[in-house]
>>> print(open('start_23.txt').read())   # compact mmCIF, C-alpha atoms and all ligand atoms
# COMPACT_ATOMS: atom_id res chain seq x y z
CA MET A 1233 0.00 0.00 0.00
CA SER A 1234 2.89 2.39 0.65
CA ASP A 1235 6.34 2.83 -0.87
CA THR A 1236 9.81 3.69 0.36
CA LEU A 1237 11.52 5.57 -2.44
CA THR A 1238 15.11 4.78 -3.41
CA LEU A 1239 16.78 7.50 -5.43
CA GLY A 1240 20.10 7.83 -7.24
CA ARG A 1241 23.23 9.59 -5.98
CA ILE A 1242 23.76 13.31 -6.61
CA PRO A 1243 27.39 14.40 -6.14
CA LEU A 1244 27.32 17.54 -4.06
CA ASP A 1245 30.57 18.86 -5.51
CA ASP A 1246 28.84 19.30 -8.88
CA TYR A 1247 27.04 22.27 -7.34
CA ALA A 1248 30.26 24.01 -6.29
CA GLU A 1249 31.00 24.98 -9.87
CA LEU A 1250 27.67 26.72 -10.21
CA LEU A 1251 27.22 28.15 -6.72
CA GLY A 1252 30.73 28.45 -5.31
CA ALA A 1253 32.64 26.13 -2.98
CA GLY A 1254 31.59 28.21 0.05
CA GLU A 1255 27.96 27.30 -0.41
CA ILE A 1256 28.76 23.59 -0.30
CA GLU A 1257 31.11 23.98 2.68
CA GLU A 1258 28.35 25.73 4.57
CA LEU A 1259 26.00 22.81 3.85
CA ARG A 1260 28.57 20.31 5.08
CA ALA A 1261 29.19 22.29 8.27
CA LEU A 1262 25.47 22.53 9.03
CA ALA A 1263 24.95 18.85 8.31
CA SER A 1264 27.82 17.56 10.40
CA PRO A 1265 26.02 17.54 13.81
CA LEU A 1266 23.10 15.75 12.12
CA ARG A 1267 25.22 13.03 10.48
CA GLY A 1268 23.64 9.60 10.77
CA ARG A 1269 20.52 10.89 12.49
CA SER A 1270 17.25 9.75 11.01
CA ILE A 1271 14.87 11.92 9.00
CA GLN A 1272 11.69 10.76 7.34
CA MET A 1273 9.74 12.61 4.67
CA VAL A 1274 6.16 11.50 4.02
CA ASN A 1275 3.90 12.67 1.20
CA SER A 1276 1.17 11.23 -0.98
CA THR A 1277 2.68 10.73 -4.45
CA ALA A 1278 6.02 9.60 -5.84
CA VAL A 1279 5.65 11.46 -9.15
CA GLY A 1280 3.61 14.36 -10.45
CA GLY A 1281 3.35 17.77 -8.86
CA GLY A 1282 5.82 20.03 -7.14
CA VAL A 1283 6.26 18.14 -3.86
CA ALA A 1284 7.46 14.94 -5.52
CA GLU A 1285 9.64 17.05 -7.81
CA ILE A 1286 11.41 18.61 -4.82
CA LEU A 1287 11.76 15.42 -2.79
CA THR A 1288 13.22 13.54 -5.76
CA ARG A 1289 16.21 15.87 -5.57
CA LEU A 1290 16.31 16.92 -1.91
CA VAL A 1291 16.47 13.39 -0.49
CA PRO A 1292 19.56 12.21 -2.44
CA LEU A 1293 21.29 15.53 -1.74
CA ALA A 1294 20.68 15.06 1.99
CA GLU A 1295 22.08 11.51 1.69
CA GLU A 1296 25.21 13.01 0.17
CA LEU A 1297 25.59 14.92 3.43
CA ASP A 1298 25.47 11.58 5.31
CA LEU A 1299 22.03 12.18 6.70
CA ASN A 1300 19.99 9.05 7.27
CA ILE A 1301 16.97 10.25 5.27
CA LYS A 1302 14.04 8.22 3.95
CA TRP A 1303 11.08 9.18 1.81
CA GLU A 1304 7.83 7.29 2.30
CA VAL A 1305 4.75 7.67 0.11
CA MET A 1306 1.51 7.03 1.96
CA GLY A 1307 -1.00 4.69 0.34
CA GLY A 1308 -4.65 5.35 -0.32
CA GLY A 1309 -7.57 4.20 -2.45
CA GLU A 1310 -9.50 6.21 -5.04
CA ASP A 1311 -12.01 7.29 -2.38
CA PHE A 1312 -9.19 8.75 -0.27
CA PHE A 1313 -7.68 10.75 -3.13
CA GLU A 1314 -11.08 12.03 -4.20
CA VAL A 1315 -11.64 13.34 -0.68
CA THR A 1316 -8.15 14.82 -0.36
CA LYS A 1317 -8.40 16.51 -3.78
CA ALA A 1318 -11.69 18.05 -2.65
CA PHE A 1319 -9.98 19.14 0.59
CA HIS A 1320 -7.12 20.59 -1.49
CA ASN A 1321 -9.51 22.66 -3.61
CA ALA A 1322 -11.50 23.71 -0.53
CA LEU A 1323 -8.35 24.80 1.31
CA HIS A 1324 -7.57 26.90 -1.75
CA GLY A 1325 -10.95 28.54 -1.23
CA ALA A 1326 -13.33 26.56 -3.49
CA PRO A 1327 -16.90 26.07 -2.21
CA TYR A 1328 -17.33 22.63 -0.65
CA HIS A 1329 -19.62 20.94 1.85
CA ALA A 1330 -17.51 18.41 3.66
CA SER A 1331 -19.51 15.49 5.02
CA GLN A 1332 -18.81 13.23 7.97
CA ARG A 1333 -18.19 10.44 5.44
CA ASP A 1334 -15.33 12.48 3.89
CA PHE A 1335 -13.73 12.95 7.30
CA ASP A 1336 -14.19 9.24 8.09
CA ILE A 1337 -12.46 8.23 4.83
CA PHE A 1338 -9.60 10.62 5.55
CA LEU A 1339 -9.20 9.28 9.10
CA ALA A 1340 -9.46 5.61 8.08
CA TYR A 1341 -6.63 5.87 5.51
CA ASN A 1342 -4.46 7.85 7.88
CA LYS A 1343 -4.99 5.13 10.50
CA MET A 1344 -4.08 2.41 7.97
CA ASN A 1345 -0.89 4.28 7.11
CA ARG A 1346 -0.03 4.78 10.78
CA GLU A 1347 -0.16 1.01 11.18
CA LYS A 1348 1.87 0.38 8.04
CA LEU A 1349 4.58 3.06 7.91
CA PRO A 1350 7.61 3.15 10.19
CA LEU A 1351 7.09 6.58 11.77
CA ASP A 1352 9.96 6.45 14.20
CA ALA A 1353 12.65 8.69 12.68
CA GLU A 1354 14.11 11.36 14.95
CA PHE A 1355 12.77 14.04 12.57
CA MET A 1356 9.44 13.47 10.86
CA VAL A 1357 8.51 15.87 8.02
CA ILE A 1358 4.92 15.39 6.87
CA HIS A 1359 3.96 17.07 3.59
CA ASP A 1360 0.54 18.58 2.97
CA PRO A 1361 -2.92 17.69 4.27
CA GLN A 1362 -3.18 14.08 3.01
CA PRO A 1363 -0.93 12.50 5.70
CA ALA A 1364 -1.48 15.20 8.36
CA ALA A 1365 -3.21 12.80 10.79
CA LEU A 1366 -0.14 10.54 10.92
CA ILE A 1367 0.84 12.74 13.87
CA GLU A 1368 -1.50 10.59 15.99
CA ALA A 1369 1.23 7.93 15.89
CA ARG A 1370 3.62 10.15 17.79
CA ARG A 1371 4.78 8.85 21.14
CA PRO A 1372 5.20 11.69 23.65
CA GLY A 1373 8.71 13.10 23.68
CA ALA A 1374 9.97 10.43 21.26
CA ASN A 1375 10.75 12.47 18.16
CA HIS A 1376 10.23 15.81 16.37
CA TRP A 1377 7.35 16.28 13.94
CA VAL A 1378 6.91 19.19 11.52
CA TRP A 1379 4.17 19.78 8.97
CA ARG A 1380 5.18 21.18 5.59
CA CYS A 1381 2.25 22.81 3.82
CA HIS A 1382 2.71 23.50 0.11
CA ILE A 1383 -0.71 24.99 -0.55
CA ASP A 1384 -2.17 28.47 -0.30
CA LEU A 1385 -4.04 28.60 3.01
CA SER A 1386 -4.82 32.31 2.89
CA HIS A 1387 -8.60 31.79 2.41
CA PRO A 1388 -9.37 28.21 3.39
CA ASN A 1389 -12.78 26.62 3.63
CA ARG A 1390 -13.50 26.91 7.37
CA THR A 1391 -14.86 23.39 7.96
CA VAL A 1392 -11.97 21.66 6.24
CA TRP A 1393 -9.36 23.83 7.91
CA ASP A 1394 -10.93 23.38 11.38
CA PHE A 1395 -10.82 19.63 10.84
CA LEU A 1396 -7.19 19.73 9.74
CA GLU A 1397 -6.09 22.17 12.38
CA GLN A 1398 -6.76 19.68 15.18
CA PHE A 1399 -3.87 17.61 13.74
CA VAL A 1400 -1.63 20.46 12.62
CA SER A 1401 -1.60 22.02 16.06
CA LYS A 1402 -0.05 18.81 17.47
CA TYR A 1403 3.13 19.25 15.41
CA ASP A 1404 6.28 20.99 16.67
CA GLY A 1405 6.10 23.48 13.83
CA ALA A 1406 4.51 24.24 10.46
CA MET A 1407 6.26 25.41 7.31
CA PHE A 1408 4.56 27.56 4.67
CA SER A 1409 5.65 28.80 1.22
CA SER A 1410 4.55 32.40 1.79
CA PRO A 1411 3.96 34.61 4.87
CA GLU A 1412 0.39 35.07 3.60
CA PHE A 1413 -0.38 31.38 4.06
CA SER A 1414 0.37 31.29 7.78
CA ARG A 1415 -2.53 30.66 10.18
CA GLN A 1416 -3.27 31.37 13.82
CA LEU A 1417 -1.66 28.29 15.34
CA PRO A 1418 -0.28 27.42 18.77
CA ILE A 1419 2.99 26.18 17.19
CA PRO A 1420 5.93 28.00 15.57
CA GLN A 1421 5.58 28.72 11.85
CA TYR A 1422 8.44 28.90 9.37
CA LEU A 1423 8.76 30.37 5.90
CA PHE A 1424 10.17 27.79 3.48
CA TYR A 1425 10.39 28.55 -0.23
CA PRO A 1426 10.10 25.64 -2.61
CA ALA A 1427 13.12 25.26 -4.84
CA ILE A 1428 14.35 23.87 -8.12
CA ASP A 1429 17.46 21.87 -8.81
CA PRO A 1430 19.59 23.48 -11.53
CA LEU A 1431 21.36 20.16 -12.14
CA SER A 1432 18.27 17.98 -12.51
CA GLU A 1433 17.10 16.63 -15.86
CA LYS A 1434 14.26 19.15 -15.61
CA ASN A 1435 16.60 22.12 -15.50
CA TRP A 1436 20.02 21.26 -16.84
CA GLU A 1437 21.22 22.70 -20.17
CA LEU A 1438 20.05 20.85 -23.27
CA ASP A 1439 21.58 20.84 -26.71
CA ARG A 1440 19.61 22.38 -29.54
CA GLU A 1441 19.30 19.15 -31.43
CA PHE A 1442 17.47 17.46 -28.58
CA ILE A 1443 15.07 20.42 -28.24
CA ALA A 1444 14.43 20.30 -32.00
CA GLN A 1445 13.65 16.57 -31.78
CA VAL A 1446 11.12 17.11 -28.99
CA LEU A 1447 9.40 19.88 -30.96
CA ALA A 1448 9.29 17.72 -34.06
CA ARG A 1449 7.83 14.81 -32.07
CA TYR A 1450 4.92 16.97 -30.95
CA GLY A 1451 4.42 18.79 -34.27
CA ILE A 1452 5.49 22.19 -32.91
CA ASP A 1453 7.02 24.62 -35.40
CA PRO A 1454 10.28 26.07 -34.00
CA GLN A 1455 10.11 29.01 -36.44
CA ARG A 1456 6.88 30.37 -35.01
CA THR A 1457 6.05 31.91 -31.62
CA ILE A 1458 5.44 29.31 -28.91
CA LEU A 1459 3.38 30.09 -25.80
CA THR A 1460 3.55 27.33 -23.20
CA GLN A 1461 1.92 26.33 -19.96
CA ILE A 1462 3.15 23.15 -18.29
CA SER A 1463 0.83 21.96 -15.55
CA ARG A 1464 -1.22 19.04 -14.40
CA PHE A 1465 -4.68 19.28 -16.00
CA ASP A 1466 -6.27 20.89 -12.98
CA ARG A 1467 -8.97 23.59 -12.97
CA LEU A 1468 -6.91 25.68 -10.56
CA LYS A 1469 -4.21 25.93 -13.26
CA ASP A 1470 -6.92 27.38 -15.55
CA PRO A 1471 -5.91 25.72 -18.84
CA VAL A 1472 -9.22 26.85 -20.37
CA GLY A 1473 -8.38 30.45 -19.43
CA VAL A 1474 -4.99 30.00 -21.11
CA ILE A 1475 -6.72 29.01 -24.36
CA ARG A 1476 -8.98 32.08 -24.12
CA ALA A 1477 -5.99 34.35 -23.62
CA TYR A 1478 -4.21 32.71 -26.56
CA ARG A 1479 -7.26 33.34 -28.76
CA ILE A 1480 -7.09 37.07 -27.99
CA VAL A 1481 -3.35 37.17 -28.72
CA LYS A 1482 -3.89 35.24 -31.94
CA ARG A 1483 -5.93 38.13 -33.37
CA TYR A 1484 -2.73 40.19 -33.39
CA PHE A 1485 0.17 37.69 -33.58
CA ASP A 1486 0.75 34.41 -35.29
CA CYS A 1487 1.43 31.92 -32.47
CA GLN A 1488 1.12 28.36 -31.24
CA LEU A 1489 -0.03 27.32 -27.79
CA VAL A 1490 1.42 24.33 -25.97
CA LEU A 1491 -0.53 22.98 -23.00
CA ALA A 1492 1.46 20.10 -21.61
CA GLY A 1493 0.48 18.13 -18.57
CA GLY A 1494 1.09 14.81 -16.94
CA SER A 1495 -0.85 13.32 -14.08
CA ALA A 1496 -0.22 12.71 -10.41
CA SER A 1497 -1.39 9.59 -8.61
CA ASP A 1498 -2.98 11.69 -5.85
CA ASP A 1499 -4.97 13.83 -8.34
CA PRO A 1500 -8.05 12.02 -9.70
CA GLU A 1501 -9.47 15.02 -11.64
CA GLY A 1502 -6.96 15.14 -14.51
CA ALA A 1503 -8.95 13.16 -17.09
CA VAL A 1504 -12.10 15.30 -16.67
CA VAL A 1505 -10.18 18.56 -16.95
CA LEU A 1506 -8.30 17.29 -20.01
CA LYS A 1507 -11.67 16.71 -21.72
CA GLU A 1508 -12.71 20.29 -20.90
CA VAL A 1509 -9.44 21.53 -22.40
CA LEU A 1510 -9.89 19.53 -25.61
CA ARG A 1511 -13.44 20.84 -25.93
CA GLU A 1512 -12.21 24.41 -25.57
CA ALA A 1513 -9.33 23.83 -28.03
CA ASP A 1514 -11.96 22.72 -30.55
CA GLY A 1515 -9.50 21.12 -32.94
CA ASP A 1516 -7.37 24.27 -33.44
CA PRO A 1517 -4.19 22.82 -35.03
CA ASP A 1518 -2.09 25.52 -33.36
CA ILE A 1519 -3.12 24.37 -29.90
CA LYS A 1520 -0.97 21.42 -28.89
CA VAL A 1521 -2.51 19.64 -25.93
CA LEU A 1522 0.18 17.20 -24.82
CA GLU A 1523 -0.49 14.40 -22.40
CA LEU A 1524 2.95 13.73 -21.00
CA PRO A 1525 3.89 10.74 -18.88
CA ALA A 1526 3.99 11.65 -15.16
CA TRP A 1527 7.80 11.47 -15.32
CA ALA A 1528 9.09 13.24 -18.45
CA PRO A 1529 11.58 15.82 -17.15
CA LEU A 1530 13.64 16.11 -20.33
CA GLU A 1531 10.56 16.78 -22.44
CA VAL A 1532 9.37 19.43 -19.99
CA ASN A 1533 12.83 21.00 -19.97
CA ALA A 1534 12.90 21.06 -23.79
CA LEU A 1535 9.41 22.54 -24.07
CA GLN A 1536 10.24 25.26 -21.55
CA ARG A 1537 13.50 26.09 -23.34
CA ALA A 1538 11.80 26.19 -26.75
CA SER A 1539 9.10 28.60 -25.57
CA THR A 1540 8.92 32.23 -26.58
CA ILE A 1541 6.88 32.98 -23.45
CA VAL A 1542 5.99 30.70 -20.55
CA LEU A 1543 2.57 31.12 -18.93
CA GLN A 1544 1.26 30.13 -15.52
CA LYS A 1545 -2.30 31.35 -15.44
CA SER A 1546 -3.28 29.68 -12.18
CA LEU A 1547 -6.40 30.71 -10.28
CA ARG A 1548 -4.81 29.52 -7.03
CA GLU A 1549 -1.27 28.38 -6.50
CA GLY A 1550 0.84 27.17 -3.60
CA PHE A 1551 4.06 28.30 -5.20
CA GLY A 1552 4.19 27.22 -8.83
CA LEU A 1553 7.57 25.57 -9.32
CA THR A 1554 7.03 25.81 -13.08
CA VAL A 1555 7.56 29.56 -12.78
CA SER A 1556 11.01 29.19 -11.23
CA GLU A 1557 11.84 26.47 -13.77
CA ALA A 1558 11.04 28.86 -16.63
CA LEU A 1559 12.85 31.81 -15.03
CA TRP A 1560 15.93 29.67 -14.49
CA LYS A 1561 15.90 29.11 -18.27
CA LYS A 1562 15.77 32.90 -18.73
CA LYS A 1563 12.28 32.78 -20.18
CA PRO A 1564 9.90 35.73 -20.03
CA VAL A 1565 6.98 34.61 -17.90
CA VAL A 1566 3.41 35.90 -17.74
CA ALA A 1567 1.69 34.53 -14.65
CA SER A 1568 -1.28 35.18 -12.39
CA ALA A 1569 -0.75 37.22 -9.25
CA VAL A 1570 -1.89 34.42 -6.95
CA GLY A 1571 -0.39 32.36 -4.13
CA GLY A 1572 3.39 32.08 -4.24
CA ILE A 1573 3.73 33.40 -7.80
CA PRO A 1574 4.37 37.08 -6.88
CA ILE A 1575 7.31 35.93 -4.74
CA GLN A 1576 8.90 34.72 -7.96
CA ILE A 1577 7.50 37.22 -10.44
CA ILE A 1578 8.34 40.74 -9.35
CA HIS A 1579 6.14 42.63 -11.77
CA LYS A 1580 8.10 44.31 -14.56
CA HIS A 1581 11.38 43.12 -13.07
CA THR A 1582 11.43 39.31 -13.27
CA GLY A 1583 8.28 38.83 -15.35
CA LEU A 1584 4.75 40.15 -15.78
CA LEU A 1585 1.76 39.52 -13.54
CA ALA A 1586 -1.85 39.40 -14.68
CA HIS A 1587 -5.25 39.08 -13.02
CA SER A 1588 -7.56 37.87 -15.80
CA VAL A 1589 -7.78 36.30 -19.25
CA GLU A 1590 -7.71 39.76 -20.84
CA GLY A 1591 -4.79 40.83 -18.63
CA THR A 1592 -2.82 37.72 -19.52
CA ALA A 1593 -3.42 38.33 -23.23
CA TYR A 1594 -2.42 41.98 -22.83
CA GLN A 1595 0.89 41.10 -21.16
CA ILE A 1596 1.68 38.44 -23.78
CA ARG A 1597 1.05 40.96 -26.55
CA PHE A 1598 3.23 43.50 -24.78
CA LEU A 1599 6.14 41.03 -24.60
CA LEU A 1600 5.72 39.94 -28.21
CA SER A 1601 5.95 43.58 -29.28
CA HIS A 1602 8.93 44.29 -26.98
CA PRO A 1603 11.31 41.35 -27.33
CA GLU A 1604 14.20 43.28 -25.76
CA ILE A 1605 12.17 43.77 -22.57
CA ALA A 1606 11.20 40.09 -22.65
CA THR A 1607 14.88 39.14 -22.76
CA ARG A 1608 15.71 41.44 -19.86
CA LEU A 1609 12.91 40.04 -17.70
CA GLY A 1610 14.19 36.51 -18.33
CA GLU A 1611 17.71 37.48 -17.32
CA HIS A 1612 16.55 39.15 -14.12
CA GLY A 1613 14.34 36.14 -13.42
CA HIS A 1614 17.32 33.80 -13.66
CA GLU A 1615 19.24 35.88 -11.09
CA HIS A 1616 16.22 35.99 -8.78
CA VAL A 1617 15.93 32.19 -8.84
CA LYS A 1618 19.67 31.80 -8.31
CA GLU A 1619 19.48 34.02 -5.23
CA ASN A 1620 16.35 32.56 -3.68
CA PHE A 1621 14.89 29.37 -5.08
CA LEU A 1622 17.63 26.79 -5.54
CA ILE A 1623 17.62 23.41 -3.83
CA THR A 1624 20.87 24.01 -1.95
CA GLN A 1625 19.31 27.00 -0.14
CA LYS A 1626 16.32 24.89 0.71
CA LEU A 1627 18.50 22.14 2.10
CA LYS A 1628 20.33 24.70 4.22
CA ARG A 1629 17.04 25.89 5.63
CA TYR A 1630 15.99 22.33 6.45
CA LEU A 1631 19.28 21.67 8.22
CA THR A 1632 18.90 24.83 10.28
CA LEU A 1633 15.36 23.85 11.26
CA LEU A 1634 16.39 20.32 12.27
CA LEU A 1635 19.24 21.70 14.37
CA THR A 1636 16.81 24.08 16.07
CA LEU A 1637 14.36 21.25 16.77
CA ALA A 1638 17.12 19.02 18.10
CA ARG A 1639 18.16 21.72 20.57
CA ALA A 1640 14.61 22.54 21.67
N1 LIG B 1701 5.35 18.83 -14.23
C1 LIG B 1701 5.86 17.82 -15.01
N2 LIG B 1701 5.11 17.35 -16.02
C2 LIG B 1701 3.87 17.83 -16.29
C3 LIG B 1701 3.34 18.86 -15.46
C4 LIG B 1701 4.11 19.34 -14.45
O1 LIG B 1701 6.99 17.36 -14.81
O2 LIG B 1701 3.26 17.36 -17.21
C5 LIG B 1701 6.19 19.33 -13.14
C6 LIG B 1701 6.57 20.78 -13.29
O3 LIG B 1701 7.66 20.90 -14.18
C7 LIG B 1701 6.89 21.13 -11.84
C8 LIG B 1701 5.88 20.30 -11.07
O4 LIG B 1701 5.51 19.22 -11.92
O5 LIG B 1701 8.19 20.70 -11.51
C9 LIG B 1701 4.62 21.10 -10.74
O6 LIG B 1701 4.87 21.89 -9.65
P1 LIG B 1701 4.02 23.18 -9.38
O7 LIG B 1701 4.47 23.72 -8.07
O8 LIG B 1701 4.13 24.10 -10.56
O9 LIG B 1701 2.51 22.71 -9.33
P2 LIG B 1701 1.72 21.53 -8.54
O10 LIG B 1701 1.49 20.46 -9.58
O11 LIG B 1701 2.58 21.06 -7.42
O12 LIG B 1701 0.45 22.17 -8.13
>>> encode(input="start_23.txt", output="structure tokens")
Amino acid sequence: MSDTLTLGRIPLDDYAELLGAGEIEELRALASPLRGRSIQMVNSTAVGGGVAEILTRLVPLAEELDLNIKWEVMGGGEDFFEVTKAFHNALHGAPYHASQRDFDIFLAYNKMNREKLPLDAEFMVIHDPQPAALIEARRPGANHWVWRCHIDLSHPNRTVWDFLEQFVSKYDGAMFSSPEFSRQLPIPQYLFYPAIDPLSEKNWELDREFIAQVLARYGIDPQRTILTQISRFDRLKDPVGVIRAYRIVKRYFDCQLVLAGGSASDDPEGAVVLKEVLREADGDPDIKVLELPAWAPLEVNALQRASTIVLQKSLREGFGLTVSEALWKKKPVVASAVGGIPIQIIHKHTGLLAHSVEGTAYQIRFLLSHPEIATRLGEHGHEHVKENFLITQKLKRYLTLLLTLARA
């Protein structure tokens, strides 16, 4: 029912070239008092979505620092993931009437996972609402538990949050991606930015030939403007809104739209949303709706690098790792001013923010008419990501938190 993930090695010294030897030394110094001590990450999917993306890289990097770290994926049936997806949308502010049955399903699967998973590491890091009730397995004084929340909790559905809060308040601390997501809680709260790995297959440099092959495979013309949004097919990513914005732009500029999305095992809504997208695309040959496998980092990398402009027109967003991924590749980005996006997109400095379909179309048109500004935004965006949203900084922050917990 559940999985322990085994990941490949990532040599830490490879990062020194990019970030400087000092950065790596600092990591080693922070990690040394934690050497050999056990850490366990728990989330609800091994692939698909930003959390799995981060853990895939963070866990092997921590192993390189001789930390005894494990990543467990909780198990659950379709009924569980339907309930937790509804909770996810409700916590992002969507209307929802939670029933006692929903809470019972949530509790039953958390209980099953408490019986199944070894939850005895010195440091337990539980990601997002799905496994939040694992905290009930905690033996008093035995170990440290923190809850890492990756979603925007600024306007949560009251009933769902009240239900969740009874578990969250039992942790030793909660970590949020933006100060705006913090809640009134009786435990310390920490600001933790998500991060990308510049040396992962998703973000490393690619040669032109490979990019050309990927474009050819999907029938995308490299000579024409390419607008791209890469996201799970999820209503909160507003793929239908992206198509509407593209249609406005298309009245003024020749362009193609790429909507690429894989699935995540903890997101049961993808197939329905994909149908809505295909209906809206209505057979337009310049709209490429690509169903990617859940794990296709090189294709995503190539599509981002080939794009003229990258879009992230989310209606709600925890952070939106895709934004940092595009900025790292020096792409001009037009994105919605929601959730964690404005932390990455400083309007008119590292990209352009929008608030509607019309606003998104307006900003795209502006960039297409001012390519020199588009280039500058991409360059500033790259620097902003380098300063703030790389995996080594995130690891440093984790190490500092664990040291603080260990001393508490
Ligand atoms: N992603 C992917 N393939 C897809 C769609 C998304 O690899 O078809 C990746 C994307 O590149 C990013 C992550 O999944 O690394 C999505 O993270 P984000 O924070 O943008 O959104 P989430 O899915 O977690 O809401």
>>> axis_aligned_box(input="start_23.txt", around="segment 1335-1343 of chain A", padding_each_side="5 Å", output="lines of an AutoDock Vina configuration file")
center_x = -9.3
center_y = 9.0
center_z = 7.7
size_x = 19.7
size_y = 17.8
size_z = 15.7
>>> residues_near_ligand(input="start_23.txt", ligand="ligand LIG 1701 (chain B)", cutoff="6 Å", atoms="only C-alpha atoms and all ligand atoms", output="PyMOL selection string")
chain A and resi 1280-1283+1285+1462-1464+1492-1494+1524+1526-1529+1551-1554
>>> write_last_selection(input="start_23.txt", atoms="C-alpha atoms", output="compact mmCIF listing (two decimals), keeping the file's coordinate frame")
# COMPACT_ATOMS: atom_id res chain seq x y z
CA GLY A 1280 3.61 14.36 -10.45
CA GLY A 1281 3.35 17.77 -8.86
CA GLY A 1282 5.82 20.03 -7.14
CA VAL A 1283 6.26 18.14 -3.86
CA GLU A 1285 9.64 17.05 -7.81
CA ILE A 1462 3.15 23.15 -18.29
CA SER A 1463 0.83 21.96 -15.55
CA ARG A 1464 -1.22 19.04 -14.40
CA ALA A 1492 1.46 20.10 -21.61
CA GLY A 1493 0.48 18.13 -18.57
CA GLY A 1494 1.09 14.81 -16.94
CA LEU A 1524 2.95 13.73 -21.00
CA ALA A 1526 3.99 11.65 -15.16
CA TRP A 1527 7.80 11.47 -15.32
CA ALA A 1528 9.09 13.24 -18.45
CA PRO A 1529 11.58 15.82 -17.15
CA PHE A 1551 4.06 28.30 -5.20
CA GLY A 1552 4.19 27.22 -8.83
CA LEU A 1553 7.57 25.57 -9.32
CA THR A 1554 7.03 25.81 -13.08
>>> residues_around(input="start_23.txt", residues="Leu1299 of chain A", least_positions_apart="2", cutoff="8 Å", atoms="all atoms listed in the file", output="PyMOL selection string")
chain A and resi 1263+1266-1271+1294-1297+1301
>>> residues_around(input="start_23.txt", residues="Ser1546 of chain A", least_positions_apart="3", cutoff="6 Å", atoms="only C-alpha atoms", output="list in words")
Leu1468, Lys1469, Asp1470 and Ser1568 of chain A
>>> atom_distance(input="start_23.txt", atom1="atom CA of Arg1597 of chain A", atom2="atom CA of Leu1491 of chain A")
18.4 Å
>>> closest_atom_pairs(input="start_23.txt", of="segment 1520-1630 of chain A", to="segment 1419-1437 of chain A", cutoff="6 Å", atoms="all atoms listed in the file", output="JSON lines")
{"residue": "A:Pro1529", "atom": "CA", "partner": "A:Lys1434", "partner_atom": "CA", "distance": 4.5}
{"residue": "A:Leu1530", "atom": "CA", "partner": "A:Lys1434", "partner_atom": "CA", "distance": 5.6}
{"residue": "A:Asn1533", "atom": "CA", "partner": "A:Lys1434", "partner_atom": "CA", "distance": 4.9}
{"residue": "A:Phe1621", "atom": "CA", "partner": "A:Ala1427", "partner_atom": "CA", "distance": 4.5}
{"residue": "A:Leu1622", "atom": "CA", "partner": "A:Ala1427", "partner_atom": "CA", "distance": 4.8}
{"residue": "A:Ile1623", "atom": "CA", "partner": "A:Ala1427", "partner_atom": "CA", "distance": 5.0}
>>> write_last_selection(input="start_23.txt", atoms="C-alpha atoms", output="PDB file, keeping the file's coordinate frame")
ATOM      1  CA  PRO A1529      11.580  15.820 -17.150  1.00  0.00           C
ATOM      2  CA  LEU A1530      13.640  16.110 -20.330  1.00  0.00           C
ATOM      3  CA  ASN A1533      12.830  21.000 -19.970  1.00  0.00           C
ATOM      4  CA  PHE A1621      14.890  29.370  -5.080  1.00  0.00           C
ATOM      5  CA  LEU A1622      17.630  26.790  -5.540  1.00  0.00           C
ATOM      6  CA  ILE A1623      17.620  23.410  -3.830  1.00  0.00           C
TER       7      ILE A1623
END
>>> closest_residue(input="start_23.txt", among="A:Leu1633, A:Leu1459, A:Leu1323, A:Ala1503", to="Pro1564 of chain A", atoms="all atoms listed in the file")
A:Leu1459
>>> atom_distance(input="start_23.txt", atom1="atom CA of Ala1284 of chain A", atom2="atom CA of Pro1411 of chain A")
22.5 Å
>>> atom_distance(input="start_23.txt", atom1="atom CA of Pro1517 of chain A", atom2="atom CA of Val1589 of chain A")
21.1 Å
>>> closest_residue(input="start_23.txt", among="A:Glu1615, A:Asp1514, A:Glu1354, A:Glu1314", to="Leu1635 of chain A", atoms="all atoms listed in the file")
A:Glu1354
>>> closest_residue(input="start_23.txt", among="A:Val1446, A:Ile1367, A:Ala1593, A:Leu1417", to="Tyr1478 of chain A", atoms="all atoms listed in the file")
A:Ala1593
>>> residues_around(input="start_23.txt", residues="Ala1322 of chain A", least_positions_apart="2", cutoff="9 Å", atoms="only C-alpha atoms", output="PyMOL selection string")
chain A and resi 1317-1320+1324-1329+1388-1390+1392-1393
>>> residues_around(input="start_23.txt", residues="Glu1310 of chain A", least_positions_apart="4", cutoff="12 Å", atoms="only C-alpha atoms", output="list in words")
Glu1314, Val1315, Thr1316, Lys1317, Ile1337, Phe1338, Tyr1341, Ser1497, Asp1498, Asp1499, Pro1500 and Glu1501 of chain A
